[in-house]
Amino acid sequence: MSYNTNEIQRIETKWQKIWDEKKIFKSGVDNGREKYYVLEMFPYPSGKIHMGHVRNYTIADVIARFRMMQGLNVLHPMGYDAFGQPAENAAIKRGVDPAEWTYGCIDEMTHELKRMGFSYDWDRSLSTCDAEYYKWNQWIFLKMFERGLAYKKESPVNWCPSCDTTLANEEVINGACWRCKSEVQQKNLSQWYLKITDYSERLLKDLDLLTQWPERVVTMQKNWIGKSFGVEIFFRIGDSALFQEGNRALSPILKVFTTRPDTIFGATYVVLAPEHPLVDAITTPANKASVEAFKKEVAGVSKSERVSGDLEKKGIFTGSYVVNPVNQELIPVWIADYVLMDYGTGAIMAVPTHDQRDFEFAKKHQLPMKIVIQDPAWPDLKVEQMDAAYVEQGNLTGSAQFDGMNNQDAMQAIGEWMEKSNIGKTTVHWRLRDWLISRQRYWGTPIPMIYCDTCGVVPVPENQLPVELPKKIQITGQGGSPLAYCQDFVNVKCPKCGKPARRETDTMATFFDSSWYYLRFCSARNSSQVFDKQEAKYWMPVDQYIGGIEHAILHLLYSRFFTKFFKDLGLVDFDEPFVRLLTQGMVLKDGEVMSKSRGNTVDPDTILVKYGADPLRVCILFAAPPEDQLEWSDGAVDGSWKFLNRLDRLADERFKGVKVGYDFKTLSGAAQELERERNATIKKVTGDLETYKFNTAVSAMMIMLNSIEKFVPQNEIDQAVFDQTLRSFVLMLAPYAPHLCEELWQKMGSDVTSVSQVKWPQYDEASLQRAVVEVVVQINGKLRSKLEVPVELNEAQVRELALKDEKIQKWVEDKPVRKFIYVQGRLINIVV
RNA sequence: GGGCGGAUGGCGAAAUUGGUAGACGCGCUAGUCUUAGGAACUAGUGGGGCGACUCAUGGAGGUUCAAGUCCUCUUCCGCCCACCA
């Protein structure tokens, strides 16, 4: 056989058919066997797979096939995250039906994935746009509603004018829409939220359980959840006259959140966010006009601009004063654009001497400053000398009874003291916001809620699920949710009172769909439950999850939240869905991320046609470690192809199928060396696969193939060693190049259906031993000679040998040996 | 501003975790076989030097018998977060 394009196509098609027909990768619960759940982040079905997919899924496939051969019961499913905007946009542009378009893409993509030879259990495949899937989205939503975790509220939301929909906080990147990069606007809308903030503490604490996640993902989640400890300080509003008439409902107390209570004695003014509810009440008549103007000005600035750090801080005086509760000083109240309403209390105390933003603001507006922390090394800092805030550690000054205290200790002490004196309260603030899930789009899961004029907001009863997405409707892409124009959908009887009512016409954010699909895979065809509890108990949690770093916050945080919710429902008994996480690096071309918009993509299809799936798989794993970026080069596929070609020829021409027992100790020198290398390579490759060093495993196999080629059997025993080596080789390479290895394994006389069912090769520690080792000899740390040393020699004997060496003698001459270092079987360093 | 990664030949990358720097592969050079080669095989391939040698892991110091690896400082590059009080 020759390993050419035709032959490769023949082999690949042949084996893909066998895997499919004989259901080689079908998985089922088997309580007698240890399970292993490998999962890659399921794709949006765009139709074509790209190199990023190829890389992601090849990594997963090698892991899956390796674990299978190790005898584990592997679950390796694939499905589609099929709701979302591209289908809808296609509908708007070309008038196609989103469902038809999506299912067409799914078929195409499935075909491409099969051509790559991935070991999926296709019987478990699912698409989130299937009614039998999204029905359970609705069910989950109702369960959350029952528990007060899904609620509707009106508030300012992120609005993408281009996608014509609201966005979650997590979907806003630098003030722009994560999908289309349009600048996000603020709108006041009544929308559905999930109360993920109820889980803040658990989402944070359980990060400790994720010891097998990349540290940076854990850190990103930690920062996103953003727990900060501090004190809410109560400032009495000085001019209480403001509250005498007409404003009785307002509390004359202004609450300010700070993480730096140690600086409270240095607070010289207070700043409110322009949107703060007290602003109107405290603004004095004289300042009314200018404050109004300022508020208008700020409202005109987009959030992305307002948030872009280098903007000059603008602010204005309200005319009012508050009393600093620790020293009764009257300090002015300002409003400024650098204070955000949606964090803390929307009000801050400003300590210009010890906060850079406050410092800049105070300088600009000539507000007073007061130093309350001094550097112990330079304790005489004066306000006039400062050109920046002093933000380092130090000792308190001008802070009454706390003077001299280290500011770290003072944080705690002042907080406690304030609490006792009832002028403040130690609190915790979170950065995490509730999750806005309403989308004014068609191609998503309808939110199962009904609005009745009599009964108010009424959930759709469980037995009426799914609320199906109406088909064949007009999608214009303008004017809110398309469902609102579908009268058959909107008009419904109230489930409570039977009177005419209206359905919710928004759909769910697609991140809802992907927050629990890994559980659905455990019992994908179950029509009576969200998932089968017993099957989930067996398969979950996912042992290895693989996907892009871009999901470090969004998808992974939401999935963790859902899992905890399911635990509270009693459906699962674990806290975290993904035990081990691998974030694969991006695929680059010419130093840039491969992307359609850059036009530098390489279509996997062209590689498949030219080389086949196996060379592509080997190449992409060999080119870089899985977490690193991978620079694509066509030439590298050539190399992988050559490697497989050499293996194929070798098996074809020199494999004889000799099966004779042999003893390592009695083998000829060359055969023993090959046998030793066979064992060493098994050890190396096994270890590398356990630790996901796929690239070095390939290189170890390349080295082994070089040795096999050089080995010329002299007799039947030699041939037996040769054949055995080749057998081990094919088994080790099978996860990487499954088609070729299936073919070779069959030719080698196997009676199993698939090489994936053969036990992973084992190595024998005794066969790793060498009689002689090479020891490097250094003089003063520089390499001067190498010695062949029998392993059994002790240090004294090795020393003698080294000093007798010609090259070494030249360097040592008659200089006294100051020091002699011997690293067993490896190195000698002689210091003269 | 904060956090996390990086930096090793022409290129992708290895380096037993402090012990032969550049494994393996791509590319390149020469040769063999060929009507031909974008096939296969053989040899070579970090820089300098005819050579013994010597210089080399972004840069500068340090620790050590020994540093790509540890410590201090520094320069670039990438990613994430960010007026978060």
# chains A, B, ... in the order shown; residues from 1 in each chain; ligands from 1
>>> residues_around(residues="segment 695-703 of chain A", least_positions_apart="3", cutoff="10 Å", atoms="only C-alpha atoms (C1' of nucleotides)", output="ChimeraX atom specification")
/A:618-626,640,643-644,647,677-678,680-682,684-689,692,706-708,729-730,732-733,736 /B:13-14,23-25
>>> closest_atom_pairs(of="chain B", to="chain A", cutoff="12 Å", atoms="only C-alpha atoms (C1' of nucleotides)", output="JSON lines")
{"residue": "B:G1", "atom": "C1'", "partner": "A:Gly309", "partner_atom": "CA", "distance": 8.7}
{"residue": "B:G2", "atom": "C1'", "partner": "A:Asn223", "partner_atom": "CA", "distance": 10.4}
{"residue": "B:G3", "atom": "C1'", "partner": "A:Thr219", "partner_atom": "CA", "distance": 8.0}
{"residue": "B:C4", "atom": "C1'", "partner": "A:Arg216", "partner_atom": "CA", "distance": 5.9}
{"residue": "B:G5", "atom": "C1'", "partner": "A:Arg216", "partner_atom": "CA", "distance": 8.7}
{"residue": "B:G6", "atom": "C1'", "partner": "A:Asp628", "partner_atom": "CA", "distance": 10.0}
{"residue": "B:C11", "atom": "C1'", "partner": "A:Ser633", "partner_atom": "CA", "distance": 9.6}
{"residue": "B:G12", "atom": "C1'", "partner": "A:Ala623", "partner_atom": "CA", "distance": 5.8}
{"residue": "B:A13", "atom": "C1'", "partner": "A:Ala624", "partner_atom": "CA", "distance": 7.0}
{"residue": "B:A14", "atom": "C1'", "partner": "A:Thr696", "partner_atom": "CA", "distance": 7.7}
{"residue": "B:A15", "atom": "C1'", "partner": "A:Thr696", "partner_atom": "CA", "distance": 11.3}
{"residue": "B:U16", "atom": "C1'", "partner": "A:Arg826", "partner_atom": "CA", "distance": 10.4}
{"residue": "B:G19", "atom": "C1'", "partner": "A:Leu827", "partner_atom": "CA", "distance": 6.6}
{"residue": "B:U20", "atom": "C1'", "partner": "A:Val776", "partner_atom": "CA", "distance": 6.4}
{"residue": "B:A23", "atom": "C1'", "partner": "A:Ser699", "partner_atom": "CA", "distance": 8.3}
{"residue": "B:C24", "atom": "C1'", "partner": "A:Ser699", "partner_atom": "CA", "distance": 4.6}
{"residue": "B:G25", "atom": "C1'", "partner": "A:Gly639", "partner_atom": "CA", "distance": 6.7}
{"residue": "B:C26", "atom": "C1'", "partner": "A:Ala636", "partner_atom": "CA", "distance": 5.9}
{"residue": "B:G27", "atom": "C1'", "partner": "A:Gly635", "partner_atom": "CA", "distance": 8.8}
{"residue": "B:G38", "atom": "C1'", "partner": "A:Asp638", "partner_atom": "CA", "distance": 10.6}
{"residue": "B:A39", "atom": "C1'", "partner": "A:Lys642", "partner_atom": "CA", "distance": 10.7}
{"residue": "B:A40", "atom": "C1'", "partner": "A:Arg646", "partner_atom": "CA", "distance": 10.2}
{"residue": "B:A52", "atom": "C1'", "partner": "A:Lys807", "partner_atom": "CA", "distance": 11.5}
{"residue": "B:C53", "atom": "C1'", "partner": "A:Arg784", "partner_atom": "CA", "distance": 11.0}
{"residue": "B:U54", "atom": "C1'", "partner": "A:Lys782", "partner_atom": "CA", "distance": 11.8}
{"residue": "B:U64", "atom": "C1'", "partner": "A:Gly781", "partner_atom": "CA", "distance": 10.7}
{"residue": "B:C65", "atom": "C1'", "partner": "A:Val831", "partner_atom": "CA", "distance": 6.3}
{"residue": "B:A66", "atom": "C1'", "partner": "A:Gly781", "partner_atom": "CA", "distance": 5.3}
{"residue": "B:A67", "atom": "C1'", "partner": "A:Gly781", "partner_atom": "CA", "distance": 11.1}
{"residue": "B:G78", "atom": "C1'", "partner": "A:Gln629", "partner_atom": "CA", "distance": 10.3}
{"residue": "B:C79", "atom": "C1'", "partner": "A:Ile549", "partner_atom": "CA", "distance": 9.6}
{"residue": "B:C80", "atom": "C1'", "partner": "A:Met220", "partner_atom": "CA", "distance": 7.1}
{"residue": "B:C81", "atom": "C1'", "partner": "A:Asn223", "partner_atom": "CA", "distance": 7.4}
{"residue": "B:A82", "atom": "C1'", "partner": "A:Gly309", "partner_atom": "CA", "distance": 7.8}
{"residue": "B:C83", "atom": "C1'", "partner": "A:Tyr338", "partner_atom": "CA", "distance": 4.9}
{"residue": "B:C84", "atom": "C1'", "partner": "A:Tyr343", "partner_atom": "CA", "distance": 6.3}
{"residue": "B:A85", "atom": "C1'", "partner": "A:Thr258", "partner_atom": "CA", "distance": 5.5}
>>> residues_around(residues="segment 18-28 of chain A", least_positions_apart="4", cutoff="7 Å", atoms="only C-alpha atoms (C1' of nucleotides)", output="PDB file with N, CA, C and O atoms, in the first residue's frame")
ATOM      1  N   LYS A  14     -13.401   4.213   5.237  1.00  0.00           N
ATOM      2  CA  LYS A  14     -13.661   2.842   5.686  1.00  0.00           C
ATOM      3  C   LYS A  14     -13.857   2.796   7.195  1.00  0.00           C
ATOM      4  O   LYS A  14     -14.838   2.246   7.691  1.00  0.00           O
ATOM      5  N   VAL A  74     -15.677   5.703  28.764  1.00  0.00           N
ATOM      6  CA  VAL A  74     -15.581   7.105  28.355  1.00  0.00           C
ATOM      7  C   VAL A  74     -16.890   7.637  27.779  1.00  0.00           C
ATOM      8  O   VAL A  74     -17.509   6.983  26.945  1.00  0.00           O
ATOM      9  N   LEU A  75     -17.286   8.811  28.237  1.00  0.00           N
ATOM     10  CA  LEU A  75     -18.396   9.549  27.632  1.00  0.00           C
ATOM     11  C   LEU A  75     -17.798  10.734  26.886  1.00  0.00           C
ATOM     12  O   LEU A  75     -17.108  11.566  27.478  1.00  0.00           O
ATOM     13  N   SER A 119     -14.141  10.715  18.055  1.00  0.00           N
ATOM     14  CA  SER A 119     -14.794   9.543  18.667  1.00  0.00           C
ATOM     15  C   SER A 119     -16.047   9.927  19.457  1.00  0.00           C
ATOM     16  O   SER A 119     -16.154   9.625  20.636  1.00  0.00           O
ATOM     17  N   TYR A 120     -16.975  10.591  18.815  1.00  0.00           N
ATOM     18  CA  TYR A 120     -18.178  11.010  19.537  1.00  0.00           C
ATOM     19  C   TYR A 120     -19.224   9.904  19.596  1.00  0.00           C
ATOM     20  O   TYR A 120     -19.349   9.117  18.668  1.00  0.00           O
ATOM     21  N   ASP A 121     -19.977   9.952  20.680  1.00  0.00           N
ATOM     22  CA  ASP A 121     -21.158   9.114  20.784  1.00  0.00           C
ATOM     23  C   ASP A 121     -22.302   9.932  20.186  1.00  0.00           C
ATOM     24  O   ASP A 121     -22.967  10.690  20.880  1.00  0.00           O
TER      25      ASP A 121
END
>>> atom_distance(atom1="atom CA of Thr283 of chain A", atom2="atom CA of Leu330 of chain A")
15.9 Å
>>> residues_around(residues="Glu7 of chain A", least_positions_apart="4", cutoff="12 Å", atoms="only C-alpha atoms (C1' of nucleotides)", output="list in words")
Met1, Ser2, Tyr3, Ile11, Glu12, Thr13, Lys14, Val609, Lys610, Tyr611, Gly612, Asn645, Asp648, His739, Leu740 and Glu743 of chain A
>>> write_last_selection(atoms="C-alpha atoms", output="compact mmCIF listing (two decimals), in the first residue's frame")
# COMPACT_ATOMS: atom_id res chain seq x y z
CA MET A 1 0.00 0.00 0.00
CA SER A 2 1.17 3.49 -0.53
CA TYR A 3 0.10 6.23 1.80
CA ILE A 11 -8.86 4.17 4.85
CA GLU A 12 -10.50 7.14 6.53
CA THR A 13 -13.90 6.55 4.96
CA LYS A 14 -13.66 2.84 5.69
CA VAL A 609 -8.54 16.96 0.83
CA LYS A 610 -4.81 17.30 0.35
CA TYR A 611 -3.52 15.25 3.29
CA GLY A 612 -6.36 13.64 5.24
CA ASN A 645 4.01 7.67 5.49
CA ASP A 648 3.02 2.90 6.82
CA HIS A 739 -7.58 5.81 10.84
CA LEU A 740 -4.13 4.70 9.81
CA GLU A 743 -5.81 -0.10 9.31
>>> select_by_dssp(residues="segment 118-363 of chain A", states="helix (DSSP H, G or I)", output="PyMOL selection string")
chain A and resi 122-124+131-146+169-171+196-209+215-225+240-243+261-266+279-282+285-299+303-307+356-363
>>> closest_residue(among="A:Thr353, A:Glu146, A:Asp61, A:Leu207", to="Leu381 of chain A", atoms="only C-alpha atoms")
A:Thr353
>>> residues_around(residues="U63 of chain B", least_positions_apart="6", cutoff="12 Å", atoms="only C-alpha atoms (C1' of nucleotides)", output="ChimeraX atom specification")
/B:18,70-72
>>> write_last_selection(atoms="N, CA and C atoms (P, O5', C5', C4', C3', O3' and C1' of nucleotides)", output="CSV table (one decimal), in the first residue's frame")
chain,number,residue,atom,x,y,z
B,18,G,P,14.7,22.6,40.3
B,18,G,O5',16.1,23.4,39.8
B,18,G,C5',16.2,23.7,38.5
B,18,G,C4',17.7,23.4,38.0
B,18,G,C3',18.1,22.0,38.4
B,18,G,O3',19.1,21.6,37.4
B,18,G,C1',19.6,23.5,39.3
B,70,C,P,13.0,29.9,37.7
B,70,C,O5',13.9,30.1,39.1
B,70,C,C5',13.6,29.3,40.2
B,70,C,C4',14.4,29.8,41.4
B,70,C,C3',14.5,31.3,41.5
B,70,C,O3',13.3,31.8,42.2
B,70,C,C1',16.7,30.4,41.7
B,71,C,P,12.8,33.3,41.9
B,71,C,O5',13.9,34.2,42.6
B,71,C,C5',14.0,34.2,44.0
B,71,C,C4',15.0,35.3,44.5
B,71,C,C3',14.8,36.6,43.9
B,71,C,O3',13.9,37.4,44.6
B,71,C,C1',17.1,36.0,43.7
B,72,U,P,13.0,38.5,43.8
B,72,U,O5',14.1,39.7,43.6
B,72,U,C5',14.6,40.4,44.7
B,72,U,C4',15.6,41.5,44.2
B,72,U,C3',15.1,42.3,43.1
B,72,U,O3',14.2,43.4,43.5
B,72,U,C1',17.3,41.6,42.6
>>> residues_around(residues="Asn526 of chain A", least_positions_apart="2", cutoff="12 Å", atoms="only C-alpha atoms (C1' of nucleotides)", output="JSON, numbers by chain")
{"A": [124, 126, 132, 133, 135, 136, 519, 520, 521, 522, 523, 524, 528, 529, 530, 531, 532, 533, 535, 536]}
>>> write_last_selection(atoms="C-alpha atoms", output="short mmCIF file (atom, residue, chain, number, x, y, z; two decimals), in the first residue's frame")
data_model
loop_
_atom_site.label_atom_id
_atom_site.label_comp_id
_atom_site.auth_asym_id
_atom_site.auth_seq_id
_atom_site.Cartn_x
_atom_site.Cartn_y
_atom_site.Cartn_z
CA ARG A 124 -26.34 11.64 22.44
CA LEU A 126 -28.39 17.50 20.85
CA GLU A 132 -37.11 18.87 23.46
CA TYR A 133 -34.04 20.69 24.69
CA LYS A 135 -38.39 22.88 26.94
CA TRP A 136 -36.03 22.22 29.81
CA LEU A 519 -25.90 17.53 32.23
CA ARG A 520 -28.31 16.88 29.40
CA PHE A 521 -25.67 14.80 27.59
CA CYS A 522 -25.88 12.27 30.43
CA SER A 523 -29.40 11.34 29.30
CA ALA A 524 -29.93 13.29 26.11
CA SER A 528 -39.72 13.22 31.10
CA GLN A 529 -36.99 14.98 33.04
CA VAL A 530 -34.45 17.73 32.62
CA PHE A 531 -31.90 14.94 33.02
CA ASP A 532 -31.85 11.53 34.61
CA LYS A 533 -30.60 11.85 38.15
CA GLU A 535 -27.21 8.80 34.91
CA ALA A 536 -25.98 12.23 35.90
#
>>> closest_residue(among="A:Lys564, A:His53, A:His354, A:Lys747", to="Val383 of chain A", atoms="only C-alpha atoms")
A:His354
>>> select_by_dssp(residues="segment 431-644 of chain A", states="strand (DSSP E or B)", output="PyMOL selection string")
chain A and resi 435-436+438-439+446+449-452+456-459+491-493+500-503+507-508+542-548+578-584+587-589+592-593+630-631
>>> write_last_selection(atoms="N, CA and C atoms", output="short mmCIF file (atom, residue, chain, number, x, y, z; two decimals), in the first residue's frame")
data_model
loop_
_atom_site.label_atom_id
_atom_site.label_comp_id
_atom_site.auth_asym_id
_atom_site.auth_seq_id
_atom_site.Cartn_x
_atom_site.Cartn_y
_atom_site.Cartn_z
N TRP A 435 -27.93 38.62 36.57
CA TRP A 435 -27.72 38.29 35.16
C TRP A 435 -28.98 38.61 34.35
N LEU A 436 -28.87 39.58 33.48
CA LEU A 436 -29.99 39.98 32.63
C LEU A 436 -30.12 38.98 31.49
N SER A 438 -33.11 38.64 29.37
CA SER A 438 -34.09 38.93 28.30
C SER A 438 -33.37 39.40 27.04
N ARG A 439 -33.80 38.87 25.92
CA ARG A 439 -33.28 39.34 24.64
C ARG A 439 -34.45 39.61 23.71
N PRO A 446 -38.24 30.93 24.16
CA PRO A 446 -39.24 31.86 24.70
C PRO A 446 -39.26 31.80 26.22
N MET A 449 -43.55 33.02 30.37
CA MET A 449 -44.30 33.86 31.30
C MET A 449 -45.47 34.50 30.57
N ILE A 450 -46.52 34.75 31.35
CA ILE A 450 -47.74 35.33 30.78
C ILE A 450 -48.14 36.54 31.62
N TYR A 451 -48.58 37.60 30.91
CA TYR A 451 -49.02 38.80 31.62
C TYR A 451 -50.53 38.91 31.53
N CYS A 452 -51.16 38.95 32.71
CA CYS A 452 -52.61 39.01 32.76
C CYS A 452 -52.99 40.30 33.48
N GLY A 456 -51.70 39.55 36.95
CA GLY A 456 -50.31 40.01 36.92
C GLY A 456 -49.42 39.04 36.16
N VAL A 457 -48.19 38.86 36.65
CA VAL A 457 -47.24 37.98 35.98
C VAL A 457 -47.50 36.54 36.39
N VAL A 458 -47.84 35.70 35.42
CA VAL A 458 -48.19 34.30 35.71
C VAL A 458 -47.26 33.37 34.95
N PRO A 459 -46.63 32.43 35.66
CA PRO A 459 -45.77 31.48 34.95
C PRO A 459 -46.61 30.49 34.14
N ASN A 491 -51.21 36.16 22.01
CA ASN A 491 -52.51 36.05 22.67
C ASN A 491 -52.73 34.67 23.26
N VAL A 492 -53.04 34.67 24.53
CA VAL A 492 -53.14 33.40 25.26
C VAL A 492 -54.13 33.63 26.39
N LYS A 493 -54.69 32.55 26.89
CA LYS A 493 -55.56 32.69 28.05
C LYS A 493 -54.72 32.63 29.31
N PRO A 500 -58.31 36.71 28.64
CA PRO A 500 -57.27 36.95 27.64
C PRO A 500 -56.02 37.58 28.29
N ALA A 501 -54.89 37.08 27.89
CA ALA A 501 -53.63 37.58 28.44
C ALA A 501 -52.58 37.58 27.34
N ARG A 502 -51.38 38.08 27.66
CA ARG A 502 -50.32 38.16 26.65
C ARG A 502 -49.07 37.41 27.12
N ARG A 503 -48.45 36.77 26.16
CA ARG A 503 -47.20 36.08 26.49
C ARG A 503 -46.03 37.05 26.53
N THR A 507 -36.94 36.47 24.35
CA THR A 507 -36.37 35.13 24.46
C THR A 507 -35.17 35.18 25.40
N MET A 508 -34.68 34.00 25.73
CA MET A 508 -33.57 33.94 26.70
C MET A 508 -32.22 34.14 26.01
N VAL A 542 -17.95 16.49 34.89
CA VAL A 542 -17.10 16.34 33.72
C VAL A 542 -15.65 16.23 34.19
N ASP A 543 -14.97 15.16 33.77
CA ASP A 543 -13.59 14.97 34.21
C ASP A 543 -12.64 15.91 33.50
N GLN A 544 -12.90 16.13 32.21
CA GLN A 544 -12.02 17.03 31.47
C GLN A 544 -12.85 17.90 30.55
N TYR A 545 -12.79 19.19 30.78
CA TYR A 545 -13.51 20.15 29.94
C TYR A 545 -12.47 20.93 29.16
N ILE A 546 -12.75 21.16 27.88
CA ILE A 546 -11.77 21.81 27.02
C ILE A 546 -12.43 22.89 26.18
N GLY A 547 -11.83 24.05 26.16
CA GLY A 547 -12.38 25.12 25.33
C GLY A 547 -11.51 26.35 25.37
N GLY A 548 -12.00 27.40 24.77
CA GLY A 548 -11.20 28.62 24.64
C GLY A 548 -11.22 29.47 25.90
N PHE A 578 -17.11 21.04 36.42
CA PHE A 578 -15.94 20.68 35.61
C PHE A 578 -14.72 20.50 36.50
N VAL A 579 -14.27 19.26 36.63
CA VAL A 579 -13.15 18.97 37.53
C VAL A 579 -11.85 19.57 37.01
N ARG A 580 -11.58 19.28 35.76
CA ARG A 580 -10.31 19.74 35.19
C ARG A 580 -10.63 20.55 33.94
N LEU A 581 -9.97 21.67 33.81
CA LEU A 581 -10.24 22.55 32.67
C LEU A 581 -8.96 22.80 31.89
N LEU A 582 -9.07 22.64 30.56
CA LEU A 582 -7.94 22.95 29.70
C LEU A 582 -8.38 24.05 28.74
N THR A 583 -7.65 25.16 28.74
CA THR A 583 -7.98 26.22 27.80
C THR A 583 -6.96 26.20 26.68
N GLN A 584 -7.43 25.80 25.51
CA GLN A 584 -6.46 25.65 24.41
C GLN A 584 -6.15 27.01 23.82
N VAL A 587 -5.27 29.63 17.32
CA VAL A 587 -4.51 29.27 16.12
C VAL A 587 -4.21 30.56 15.36
N LEU A 588 -2.94 30.79 15.13
CA LEU A 588 -2.52 32.02 14.45
C LEU A 588 -2.05 31.72 13.04
N LYS A 589 -2.13 32.76 12.22
CA LYS A 589 -1.54 32.67 10.89
C LYS A 589 -0.76 33.96 10.70
N GLU A 592 -0.97 36.49 13.53
CA GLU A 592 -2.26 37.06 13.92
C GLU A 592 -3.30 35.98 14.12
N VAL A 593 -4.26 36.24 14.99
CA VAL A 593 -5.33 35.28 15.22
C VAL A 593 -6.05 35.02 13.90
N LEU A 630 -0.77 28.68 18.62
CA LEU A 630 -0.20 27.81 17.61
C LEU A 630 -0.09 28.55 16.30
N GLU A 631 1.12 28.66 15.81
CA GLU A 631 1.34 29.33 14.53
C GLU A 631 1.16 28.29 13.43
#
>>> residues_around(residues="Met418 of chain A", least_positions_apart="6", cutoff="9 Å", atoms="only C-alpha atoms (C1' of nucleotides)", output="list in words")
Val231, Ile233, Pro325, Val326, Gly424, Lys425 and Thr426 of chain A
>>> atom_distance(atom1="atom CA of Gln408 of chain A", atom2="atom CA of Arg236 of chain A")
26.7 Å
